[in-house]
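Peer 1: Got a structure for you, upload03.csv, holding CSV, C-alpha atoms.
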```
chain,number,residue,atom,x,y,z
H,1,MET,CA,9.9,-59.0,38.2
H,2,ALA,CA,11.1,-59.5,34.8
H,3,LYS,CA,12.6,-56.4,33.2
H,4,LYS,CA,10.2,-55.1,30.6
H,5,SER,CA,11.7,-53.2,27.7
H,6,THR,CA,9.9,-49.8,27.3
H,7,PRO,CA,8.3,-49.6,23.9
H,8,GLY,CA,9.8,-46.9,21.7
H,9,LEU,CA,7.5,-43.9,21.2
H,10,ASN,CA,6.4,-43.5,17.6
H,11,THR,CA,7.7,-40.1,16.7
H,12,SER,CA,7.0,-40.2,13.0
H,13,SER,CA,3.8,-38.1,13.4
H,14,MET,CA,5.9,-35.5,15.3
H,15,ALA,CA,7.3,-34.3,11.9
H,16,ASP,CA,3.7,-33.9,10.6
H,17,ILE,CA,2.7,-31.9,13.6
H,18,SER,CA,5.7,-29.6,13.3
H,19,PHE,CA,5.2,-29.3,9.6
H,20,LEU,CA,1.7,-28.1,10.2
H,21,LEU,CA,2.9,-25.5,12.7
H,22,LEU,CA,5.6,-24.4,10.2
H,23,THR,CA,3.1,-23.9,7.4
H,24,PHE,CA,0.9,-22.0,9.7
H,25,PHE,CA,3.6,-19.5,10.6
H,26,LEU,CA,4.8,-19.3,7.0
H,27,MET,CA,1.2,-18.4,6.0
H,28,THR,CA,0.5,-15.9,8.7
H,29,SER,CA,3.8,-14.1,8.2
H,30,SER,CA,3.0,-13.5,4.6
H,31,ILE,CA,-0.7,-12.7,4.9
H,32,ASN,CA,0.1,-9.8,7.2
H,33,THR,CA,0.8,-7.5,4.3
H,34,ASP,CA,0.2,-3.8,4.7
H,35,GLN,CA,-3.0,-2.3,3.4
H,36,GLY,CA,-3.5,1.2,2.1
H,37,ILE,CA,-4.2,3.4,-0.8
H,38,ALA,CA,-1.9,3.3,-3.9
H,39,ARG,CA,-1.3,6.4,-5.8
H,40,ARG,CA,1.0,7.5,-8.6
H,41,LEU,CA,3.1,10.7,-8.4
H,42,PRO,CA,3.4,12.9,-11.5
H,43,PRO,CA,6.9,13.3,-13.0
H,44,PRO,CA,8.6,16.6,-11.9
H,45,LEU,CA,7.8,19.7,-13.9
H,46,GLN,CA,10.3,20.8,-16.5
H,47,ASP,CA,11.4,24.4,-16.1
H,48,ASN,CA,9.9,25.6,-19.4
H,49,GLN,CA,6.8,23.5,-19.2
H,50,GLU,CA,3.5,25.3,-18.8
H,51,PRO,CA,0.8,23.6,-16.8
H,52,PRO,CA,-1.9,22.2,-19.2
H,53,ASP,CA,-4.9,24.5,-19.8
H,54,VAL,CA,-8.0,23.0,-18.2
H,55,ARG,CA,-11.4,24.5,-18.6
H,56,GLU,CA,-13.2,25.6,-15.4
H,57,ARG,CA,-16.1,23.2,-15.8
H,58,ASN,CA,-13.7,20.3,-16.0
H,59,ILE,CA,-12.1,20.9,-12.6
H,60,PHE,CA,-13.4,20.2,-9.2
H,61,VAL,CA,-11.2,21.8,-6.5
H,62,VAL,CA,-11.0,20.3,-3.1
H,63,LYS,CA,-9.0,22.3,-0.6
H,64,ILE,CA,-8.1,21.3,2.9
H,65,ASN,CA,-6.9,24.1,5.2
H,66,SER,CA,-4.6,23.9,8.2
H,67,LYS,CA,-7.6,23.4,10.5
H,68,ASP,CA,-8.7,20.4,8.4
H,69,ARG,CA,-11.7,22.2,7.0
H,70,LEU,CA,-12.8,21.5,3.5
H,71,LEU,CA,-13.6,23.8,0.6
H,72,TYR,CA,-15.3,22.4,-2.6
H,73,ASN,CA,-15.0,24.8,-5.5
H,74,GLY,CA,-14.9,27.7,-3.1
H,75,GLU,CA,-17.8,26.6,-0.9
H,76,ILE,CA,-17.4,25.2,2.6
H,77,GLY,CA,-18.3,21.5,2.6
H,78,ASP,CA,-18.6,18.5,4.7
H,79,ILE,CA,-16.5,15.3,4.3
H,80,LYS,CA,-19.8,13.3,4.2
H,81,ASP,CA,-20.8,14.9,0.9
H,82,LEU,CA,-17.5,14.5,-0.8
H,83,LYS,CA,-18.1,11.0,-2.2
H,84,ASP,CA,-21.4,12.0,-3.8
H,85,ARG,CA,-20.0,15.3,-5.0
H,86,ALA,CA,-17.1,13.5,-6.6
H,87,LYS,CA,-19.4,10.9,-8.2
H,88,GLU,CA,-21.7,13.5,-9.6
H,89,PHE,CA,-18.8,15.5,-10.9
H,90,LEU,CA,-17.1,12.5,-12.6
H,91,GLY,CA,-20.2,10.9,-13.8
H,92,ASN,CA,-22.2,13.9,-15.0
H,93,PRO,CA,-25.2,11.7,-15.6
H,94,MET,CA,-27.5,14.6,-16.8
H,95,ASN,CA,-24.8,16.1,-19.1
H,96,LEU,CA,-25.1,19.4,-17.4
H,97,ASP,CA,-23.3,22.4,-18.7
H,98,ASN,CA,-21.5,23.2,-15.4
H,99,LEU,CA,-20.1,19.7,-15.0
H,100,PRO,CA,-17.3,18.2,-17.0
H,101,GLU,CA,-17.3,17.5,-20.7
H,102,LYS,CA,-17.1,14.0,-22.0
H,103,GLU,CA,-15.0,12.5,-24.8
H,104,THR,CA,-16.1,9.4,-26.8
H,105,VAL,CA,-13.3,6.8,-26.8
H,106,GLU,CA,-13.3,3.4,-28.3
H,107,ILE,CA,-12.3,0.9,-25.6
H,108,PRO,CA,-11.8,-2.8,-26.2
H,109,LEU,CA,-14.5,-5.0,-24.6
H,110,LEU,CA,-16.7,-2.0,-23.8
H,111,GLY,CA,-17.0,-0.4,-27.2
H,112,LYS,CA,-17.6,3.3,-27.5
H,113,MET,CA,-17.6,4.9,-24.0
H,114,GLU,CA,-18.0,8.4,-22.9
H,115,VAL,CA,-15.0,9.2,-20.8
H,116,THR,CA,-15.1,12.2,-18.6
H,117,LYS,CA,-12.5,15.0,-18.9
H,118,GLY,CA,-13.0,16.0,-15.3
H,119,ILE,CA,-10.1,16.3,-13.0
H,120,ILE,CA,-10.3,16.5,-9.2
H,121,SER,CA,-7.8,18.9,-7.9
H,122,LEU,CA,-6.7,18.3,-4.4
H,123,GLN,CA,-4.9,21.0,-2.6
H,124,ASN,CA,-3.7,21.0,1.0
H,125,ASP,CA,-1.9,23.2,3.4
H,126,ARG,CA,1.3,22.3,5.1
H,127,GLY,CA,-0.6,22.3,8.4
H,128,THR,CA,-3.2,19.8,7.3
H,129,SER,CA,-3.2,16.6,9.3
H,130,TYR,CA,-2.3,13.4,7.5
H,131,ASP,CA,-5.4,11.8,8.9
H,132,ARG,CA,-7.6,14.3,7.2
H,133,TYR,CA,-5.7,14.0,3.9
H,134,ILE,CA,-6.1,10.2,3.9
H,135,GLU,CA,-9.8,10.6,4.7
H,136,VAL,CA,-10.2,12.8,1.7
H,137,GLN,CA,-8.2,10.5,-0.5
H,138,ASN,CA,-10.3,7.6,0.8
H,139,GLU,CA,-13.6,9.3,-0.1
H,140,LEU,CA,-12.3,10.1,-3.6
H,141,ALA,CA,-11.2,6.5,-4.0
H,142,ALA,CA,-14.6,5.4,-2.7
H,143,ALA,CA,-16.3,7.5,-5.4
H,144,ILE,CA,-14.1,6.0,-8.2
H,145,ASN,CA,-14.5,2.5,-6.8
H,146,GLU,CA,-18.2,2.8,-6.7
H,147,MET,CA,-18.4,4.0,-10.2
H,148,ARG,CA,-16.2,1.2,-11.4
H,149,ASN,CA,-18.3,-1.3,-9.5
H,150,GLU,CA,-21.4,0.0,-11.1
H,151,LEU,CA,-20.0,-0.2,-14.6
H,152,ALA,CA,-18.5,-3.6,-14.0
H,153,THR,CA,-21.8,-5.0,-12.7
H,154,ASP,CA,-23.6,-3.4,-15.7
H,155,ARG,CA,-21.3,-4.7,-18.4
H,156,PHE,CA,-19.9,-7.9,-17.0
H,157,GLY,CA,-22.4,-8.9,-14.3
H,158,LYS,CA,-19.6,-9.1,-11.7
H,159,LYS,CA,-18.1,-6.8,-9.2
H,160,TYR,CA,-14.9,-4.9,-10.1
H,161,ALA,CA,-12.8,-7.1,-7.8
H,162,ASP,CA,-14.0,-10.3,-9.5
H,163,ILE,CA,-13.5,-9.5,-13.2
H,164,ASN,CA,-10.4,-10.6,-15.1
H,165,ASP,CA,-7.4,-8.4,-15.9
H,166,ASP,CA,-8.4,-7.4,-19.4
H,167,GLN,CA,-11.9,-6.4,-18.3
H,168,ARG,CA,-10.3,-4.4,-15.4
H,169,ASP,CA,-8.0,-2.6,-17.8
H,170,ALA,CA,-11.1,-1.6,-19.9
H,171,ILE,CA,-12.9,-0.3,-16.9
H,172,ASP,CA,-9.9,1.6,-15.7
H,173,LYS,CA,-9.7,3.3,-19.1
H,174,ALA,CA,-13.4,4.2,-18.9
H,175,ILE,CA,-13.2,5.6,-15.4
H,176,PRO,CA,-9.7,6.8,-14.8
H,177,VAL,CA,-8.3,8.0,-11.4
H,178,ALA,CA,-8.4,11.7,-12.3
H,179,ILE,CA,-6.9,13.2,-9.1
H,180,SER,CA,-4.4,15.9,-9.5
H,181,GLU,CA,-2.4,17.3,-6.6
H,182,ALA,CA,-1.3,20.8,-6.7
H,183,GLU,CA,2.4,21.7,-6.6
H,184,PRO,CA,3.1,22.5,-3.0
H,185,THR,CA,3.8,26.2,-2.8
H,186,LYS,CA,6.1,26.5,0.1
H,187,ILE,CA,8.7,23.8,-0.6
H,188,GLY,CA,12.1,24.0,1.0
H,189,GLU,CA,11.0,25.6,4.2
H,190,SER,CA,12.2,22.8,6.4
H,191,LYS,CA,15.5,22.3,4.7
L,1,MET,CA,30.0,-67.1,1.9
L,2,ALA,CA,27.9,-69.9,3.3
L,3,LYS,CA,27.9,-68.0,6.4
L,4,PHE,CA,25.3,-65.5,5.1
L,5,THR,CA,23.2,-67.7,2.9
L,6,GLY,CA,21.1,-69.2,5.6
L,7,LYS,CA,19.5,-65.9,6.4
L,8,LYS,CA,16.0,-64.8,5.4
L,9,PRO,CA,15.7,-62.4,2.5
L,10,LYS,CA,16.8,-58.8,3.2
L,11,GLU,CA,14.3,-56.1,4.3
L,12,THR,CA,14.9,-52.5,3.5
L,13,PRO,CA,15.6,-50.7,6.7
L,14,GLY,CA,13.1,-48.1,7.6
L,15,LEU,CA,14.3,-44.5,7.5
L,16,ASN,CA,14.8,-43.0,10.9
L,17,MET,CA,12.4,-40.1,11.1
L,18,GLY,CA,13.4,-39.1,14.6
L,19,SER,CA,15.5,-36.2,13.6
L,20,MET,CA,13.0,-35.0,11.0
L,21,SER,CA,11.0,-33.2,13.7
L,22,ASP,CA,14.1,-31.5,15.0
L,23,ILE,CA,14.9,-30.1,11.6
L,24,ILE,CA,11.3,-28.9,11.1
L,25,PHE,CA,11.2,-27.4,14.6
L,26,MET,CA,14.4,-25.5,13.8
L,27,LEU,CA,12.8,-24.1,10.7
L,28,LEU,CA,9.7,-23.3,12.7
L,29,PHE,CA,11.7,-21.4,15.4
L,30,PHE,CA,13.5,-19.5,12.7
L,31,PHE,CA,10.3,-18.2,11.1
L,32,MET,CA,8.8,-17.4,14.5
L,33,VAL,CA,11.8,-15.3,15.3
L,34,ILE,CA,12.0,-13.6,11.9
L,35,THR,CA,8.4,-12.5,12.0
L,36,THR,CA,8.7,-10.7,15.3
L,37,MET,CA,12.0,-9.1,14.7
L,38,ARG,CA,10.9,-6.6,12.0
L,39,GLU,CA,8.4,-4.8,14.2
L,40,SER,CA,10.7,-4.1,17.0
L,41,THR,CA,13.1,-1.8,15.3
L,42,LEU,CA,10.8,1.2,14.9
L,43,PHE,CA,12.1,4.4,16.7
L,44,VAL,CA,8.9,6.3,15.8
L,45,LYS,CA,5.4,5.7,17.0
L,46,ILE,CA,3.0,5.1,14.2
L,47,THR,CA,-0.7,4.8,14.3
L,48,VAL,CA,-1.8,4.6,10.7
L,49,PRO,CA,-5.0,6.3,9.6
L,50,GLN,CA,-8.1,4.4,8.8
L,51,GLY,CA,-9.7,4.0,5.4
L,52,THR,CA,-12.6,2.0,3.9
L,53,GLU,CA,-11.1,1.7,0.4
L,54,VAL,CA,-7.8,0.1,1.3
L,55,SER,CA,-6.2,-2.5,-1.0
L,56,LYS,CA,-3.4,-4.9,-0.3
L,57,LEU,CA,0.1,-4.0,-1.0
L,58,GLU,CA,1.2,-6.1,-4.0
L,59,LYS,CA,4.7,-7.5,-4.8
L,60,LYS,CA,6.2,-7.1,-1.3
L,61,SER,CA,9.7,-7.6,-2.6
L,62,LEU,CA,9.5,-4.3,-4.6
L,63,VAL,CA,8.4,-2.2,-1.7
L,64,SER,CA,10.6,0.0,0.4
L,65,TYR,CA,9.2,1.7,3.5
L,66,ILE,CA,9.4,5.3,4.8
L,67,ASN,CA,8.2,5.6,8.4
L,68,VAL,CA,7.1,8.9,9.6
L,69,GLY,CA,6.0,9.8,13.2
L,70,VAL,CA,6.9,11.2,16.5
L,71,PRO,CA,9.8,9.4,18.2
L,72,ILE,CA,8.9,7.0,20.9
L,73,PRO,CA,9.2,8.3,24.5
L,74,LYS,CA,12.5,6.5,25.1
L,75,GLU,CA,14.2,8.2,22.2
L,76,GLN,CA,12.6,11.6,22.6
L,77,LYS,CA,15.6,13.0,24.6
L,78,LYS,CA,17.9,12.3,21.7
L,79,LEU,CA,15.5,12.9,18.8
L,80,GLY,CA,13.1,15.5,20.0
L,81,THR,CA,9.3,15.5,19.8
L,82,ASP,CA,8.8,16.6,16.3
L,83,SER,CA,7.8,14.2,13.5
L,84,ARG,CA,10.9,12.4,12.2
L,85,ILE,CA,11.5,10.0,9.3
L,86,GLN,CA,12.9,6.6,9.7
L,87,LEU,CA,14.5,4.8,6.8
L,88,ASN,CA,15.3,1.1,7.4
L,89,ASP,CA,16.6,1.2,11.0
L,90,GLN,CA,17.7,4.7,11.5
L,91,ILE,CA,16.3,8.2,11.8
L,92,ALA,CA,17.0,10.3,8.7
L,93,GLU,CA,16.4,13.6,7.1
L,94,ILE,CA,14.4,14.5,3.9
L,95,SER,CA,17.7,14.9,2.1
L,96,ASP,CA,18.6,11.3,2.9
L,97,ILE,CA,15.7,10.0,0.9
L,98,ARG,CA,17.5,10.3,-2.4
L,99,GLN,CA,20.3,8.1,-1.4
L,100,PHE,CA,17.8,5.6,0.2
L,101,VAL,CA,15.9,5.4,-3.1
L,102,GLU,CA,19.1,4.9,-5.1
L,103,GLU,CA,20.1,2.1,-2.8
L,104,GLU,CA,16.7,0.5,-3.0
L,105,LYS,CA,16.9,0.7,-6.8
L,106,ALA,CA,20.4,-0.7,-6.9
L,107,ALA,CA,19.3,-3.7,-4.9
L,108,ARG,CA,16.7,-4.7,-7.5
L,109,VAL,CA,17.2,-6.2,-11.0
L,110,GLU,CA,17.1,-3.8,-13.9
L,111,ALA,CA,13.6,-4.9,-15.1
L,112,ASP,CA,12.0,-4.3,-11.7
L,113,ARG,CA,13.4,-0.8,-11.1
L,114,PRO,CA,10.5,1.2,-12.6
L,115,LEU,CA,8.1,-0.9,-10.6
L,116,ILE,CA,9.4,-0.2,-7.1
L,117,THR,CA,6.8,1.2,-4.7
L,118,THR,CA,7.5,3.4,-1.8
L,119,ALA,CA,5.1,2.8,1.1
L,120,ILE,CA,4.7,5.9,3.2
L,121,LYS,CA,3.8,4.6,6.7
L,122,ALA,CA,3.0,7.8,8.6
L,123,ASP,CA,1.3,8.5,11.9
L,124,LYS,CA,-2.1,10.1,11.5
L,125,ASP,CA,-1.1,13.2,13.4
L,126,THR,CA,1.7,14.0,11.1
L,127,LYS,CA,1.4,17.3,9.3
L,128,MET,CA,1.1,17.3,5.5
L,129,GLY,CA,4.1,19.6,5.1
L,130,MET,CA,6.3,16.7,6.0
L,131,ILE,CA,4.5,14.3,3.7
L,132,SER,CA,4.6,16.8,0.8
L,133,ASP,CA,8.3,17.2,1.3
L,134,ILE,CA,8.7,13.4,1.1
L,135,LYS,CA,6.5,13.2,-2.0
L,136,GLN,CA,8.4,16.0,-3.7
L,137,GLU,CA,11.7,14.3,-3.0
L,138,LEU,CA,10.4,11.0,-4.3
L,139,ARG,CA,9.2,12.7,-7.5
L,140,ASN,CA,12.6,14.2,-8.0
L,141,CYS,CA,14.2,10.7,-7.5
L,142,GLY,CA,11.9,9.1,-10.0
L,143,ALA,CA,10.1,6.8,-7.5
L,144,PHE,CA,6.6,7.6,-8.7
L,145,LYS,CA,4.7,4.7,-7.3
L,146,ILE,CA,3.6,5.4,-3.8
L,147,PHE,CA,1.4,3.8,-1.3
L,148,TYR,CA,-0.2,5.4,1.8
L,149,THR,CA,-0.4,2.7,4.5
L,150,ALA,CA,-3.8,2.7,6.2
L,151,ARG,CA,-5.8,0.4,8.3
L,152,LYS,CA,-9.1,-1.0,7.2
L,153,GLY,CA,-11.8,0.6,9.2
L,154,GLU,CA,-15.5,1.5,9.4
L,155,ARG,CA,-16.8,4.7,7.9
L,156,LYS,CA,-16.6,7.4,10.5
```
What does this structure look like when you write it as structure tokens?

Peer 2:
Amino acid sequence: MAKKSTPGLNTSSMADISFLLLTFFLMTSSINTDQGIARRLPPPLQDNQEPPDVRERNIFVVKINSKDRLLYNGEIGDIKDLKDRAKEFLGNPMNLDNLPEKETVEIPLLGKMEVTKGIISLQNDRGTSYDRYIEVQNELAAAINEMRNELATDRFGKKYADINDDQRDAIDKAIPVAISEAEPTKIGESK
Amino acid sequence: MAKFTGKKPKETPGLNMGSMSDIIFMLLFFFMVITTMRESTLFVKITVPQGTEVSKLEKKSLVSYINVGVPIPKEQKKLGTDSRIQLNDQIAEISDIRQFVEEEKAARVEADRPLITTAIKADKDTKMGMISDIKQELRNCGAFKIFYTARKGERK
């Protein structure tokens, strides 16, 4: 038999295939970002600084004890009610006397808005579990997100996640994240 | 030069693409290895809590991680069974956070320094005492932006 020369494999598409794989891994490795709840810590207290005076109606106290039980303004409460309680407190739709005052503020894009002066005060024990704490933070975030969503849909006809940055800034000003965390009382114990 | 004139007009030789795939494969392997390496260095066991309102962590280059949890069984003989903090690839104490934050700040350009975020990746069974200590230390260091890592989950 005559010696046939084996035809060379066309490997030019190999590069394309491996490029495809490469881009796939590049994408997946960057997509896998962590998710979570972003918060901002207050700057440390100066020695001579008095805590600001807040009227009682403007404050909603959420306490979590070491057994992970909740106390809202001194009453035993359930985690399921927290979101609605927080929304009612921050929104004060009926302008009730026992719920926070409002302040009229001029906000670009939105005009005159009534911004609540309410502050949610979150206090926890050293023995509270992190799971419970995140659950509470999550419910409070849910309340604020829902209110922002409602306002965004009302004013801009889109969800909060879909509006542009300027509009988002305006909404953030109208509904601020008013969560204050108490100074821990027993610092330095574990040092 | 008559020797060469009889030939037909020159064709541009085709580029040899054979080694292209090798180069790309090398890159591919590099990325595959890199993506798995990060996870394996944890000394503490972390199951992050669940939340419904989680958002994505933005600007990953400005994030430094503080891992909190109970040491994995293999390390428990050495580290005990209490919650510990892991910074980068070693177990640390609360007092080491200051230096850690300073190092993280120094590694960034001046303009980015106020924007650095500290992600607290803690196990859900950690006690808040530990987390409060970390938060106090971060406050004192001037790292105000924090991020509680959580998993997206259904409402309980």

Peer 1: Would you give me, as a tab-separated table, each residue of chain L having an atom within 6 Å of an atom of chain H, along with its shortest atom pair and that distance in Å to one decimal, using all atoms listed in the file and sorting by chain and residue number?

Peer 2:
```
residue	atom	partner	partner_atom	distance
L:Met17	CA	H:Ser12	CA	5.7
L:Met20	CA	H:Ala15	CA	5.8
L:Ser21	CA	H:Ala15	CA	4.3
L:Leu28	CA	H:Leu22	CA	4.9
L:Pro49	CA	H:Asp131	CA	5.6
L:Gly51	CA	H:Asn138	CA	5.9
L:Glu53	CA	H:Ala142	CA	6.0
L:Val54	CA	H:Gly36	CA	4.5
L:Ser55	CA	H:Gln35	CA	5.4
L:Lys56	CA	H:Gln35	CA	4.5
L:Leu57	CA	H:Gln35	CA	5.6
L:Lys124	CA	H:Asp131	CA	4.5
L:Asp125	CA	H:Ser129	CA	5.7
L:Thr126	CA	H:Tyr130	CA	5.4
L:Lys127	CA	H:Ser129	CA	4.7
L:Met128	CA	H:Arg126	CA	5.0
L:Gly129	CA	H:Arg126	CA	3.9
L:Arg139	CA	H:Pro44	CA	5.9
L:Phe144	CA	H:Leu41	CA	4.7
L:Lys145	CA	H:Arg40	CA	4.8
L:Ile146	CA	H:Arg39	CA	5.4
L:Phe147	CA	H:Ala38	CA	4.2
L:Tyr148	CA	H:Ile37	CA	5.2
L:Thr149	CA	H:Gly36	CA	4.2
L:Ala150	CA	H:Gly36	CA	4.4
```

Peer 1: For a test of reading the model, state the distance in Å between CA of Glu137 in chain L and CA of Ser121 in chain H, rounded to one decimal.

Peer 2: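 Rounded to one decimal, the two atoms are 20.6 Å apart.
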
Peer 1: Using Å and a single decimal, report how far CA of Asp165 in chain H sits from CA of Lys59 in chain L.

Peer 2: 16.4 Å

Peer 1: Between H:Gly74, H:Pro7, H:Pro176, H:Pro52, which one has atoms that come closest to Gly118 in chain H, using all atoms listed in the file?

Peer 2: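 Looking only at the distances to Gly118 in chain H, the closest residue turns out to be H:Pro176.
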
Peer 1: Grab the CA of Val61 in chain H to CA of Glu106 in chain H distance for me, in Å with one decimal place.

Peer 2: 28.6 Å

Peer 1: Dig up all the protein and nucleic acid residues within 7 Å of (-12.1, 22.1, -4.8) in the file frame, using all atoms listed in the file, and format them as a list of chain:residue names.

Peer 2: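 Every polymer residue passing the test: H:Phe60, H:Val61, H:Val62, H:Lys63, H:Leu71, H:Tyr72, H:Asn73, H:Gly74, H:Ser121, H:Leu122.
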
Peer 1: With distances taken over all atoms listed in the file, which of L:Ile24, L:Leu62, L:Leu138, L:Val48 is nearest to Arg151 in chain L?

Peer 2: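 That would be L:Val48, the residue with the smallest distance to Arg151 in chain L.
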
Peer 1: Please, which residues are within 10 Å of (-21.5, 2.6, -15.4) by the file's coordinates, counting only C-alpha atoms, and could they come as a VMD selection string?

Peer 2: chain H and resid 91 93 113 146 to 155 171 174 to 175

Peer 1: Choose the residue, out of H:Ile64, H:Lys173, H:Gln49, H:Val54, that has the smallest atom-to-atom separation from Thr104 in chain H; count only C-alpha atoms.

Peer 2: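 Among the listed residues, H:Lys173 lies closest to Thr104 in chain H.
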
Peer 1: Can you pull out every residue within 6 Å of Gly69 in chain L, counting all atoms listed in the file, but drop anything in the same chain fewer than 2 positions away, and send it as a ChimeraX atom specification?

Peer 2: /L:44-46,83-84,122-123

Peer 1: List the neighbours of range 93-108 of chain L out to 9 Å using only C-alpha atoms; skip same-chain residues closer than 2 positions along the sequence, and give me the result as number ranges by chain.

Peer 2: H: 190-191; L: 62-64, 66, 84-88, 91, 110-114, 116, 118, 130, 133-134, 137-138, 140-143

Peer 1: Model the absent atoms of range 120-131 of chain L so that N, CA and C atoms are present, and write the result as a compact mmCIF listing (two decimals), in the frame of the given file.

Peer 2:
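Generated output (rebuild_21.txt):
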```txt
# COMPACT_ATOMS: atom_id res chain seq x y z
N ILE L 120 4.51 4.83 2.22
CA ILE L 120 4.70 5.90 3.20
C ILE L 120 3.81 5.44 4.44
N LYS L 121 4.48 5.07 5.48
CA LYS L 121 3.80 4.60 6.70
C LYS L 121 3.90 5.74 7.69
N ALA L 122 2.87 6.55 7.74
CA ALA L 122 3.00 7.80 8.60
C ALA L 122 1.91 7.74 9.66
N ASP L 123 2.24 8.38 10.76
CA ASP L 123 1.30 8.50 11.90
C ASP L 123 0.19 9.48 11.43
N LYS L 124 -1.01 9.25 11.98
CA LYS L 124 -2.10 10.10 11.50
C LYS L 124 -2.07 11.50 11.96
N ASP L 125 -1.25 11.80 12.94
CA ASP L 125 -1.10 13.20 13.40
C ASP L 125 -0.01 13.96 12.74
N THR L 126 0.66 13.31 11.77
CA THR L 126 1.70 14.00 11.10
C THR L 126 1.11 15.16 10.25
N LYS L 127 1.88 16.23 10.12
CA LYS L 127 1.40 17.30 9.30
C LYS L 127 1.76 17.06 7.83
N MET L 128 0.89 17.56 6.94
CA MET L 128 1.10 17.30 5.50
C MET L 128 2.33 17.93 4.95
N GLY L 129 2.85 18.95 5.63
CA GLY L 129 4.10 19.60 5.10
C GLY L 129 5.19 18.56 5.00
N MET L 130 5.30 17.73 6.01
CA MET L 130 6.30 16.70 6.00
C MET L 130 6.06 15.68 4.86
N ILE L 131 4.80 15.26 4.72
CA ILE L 131 4.50 14.30 3.70
C ILE L 131 4.70 14.89 2.30
```
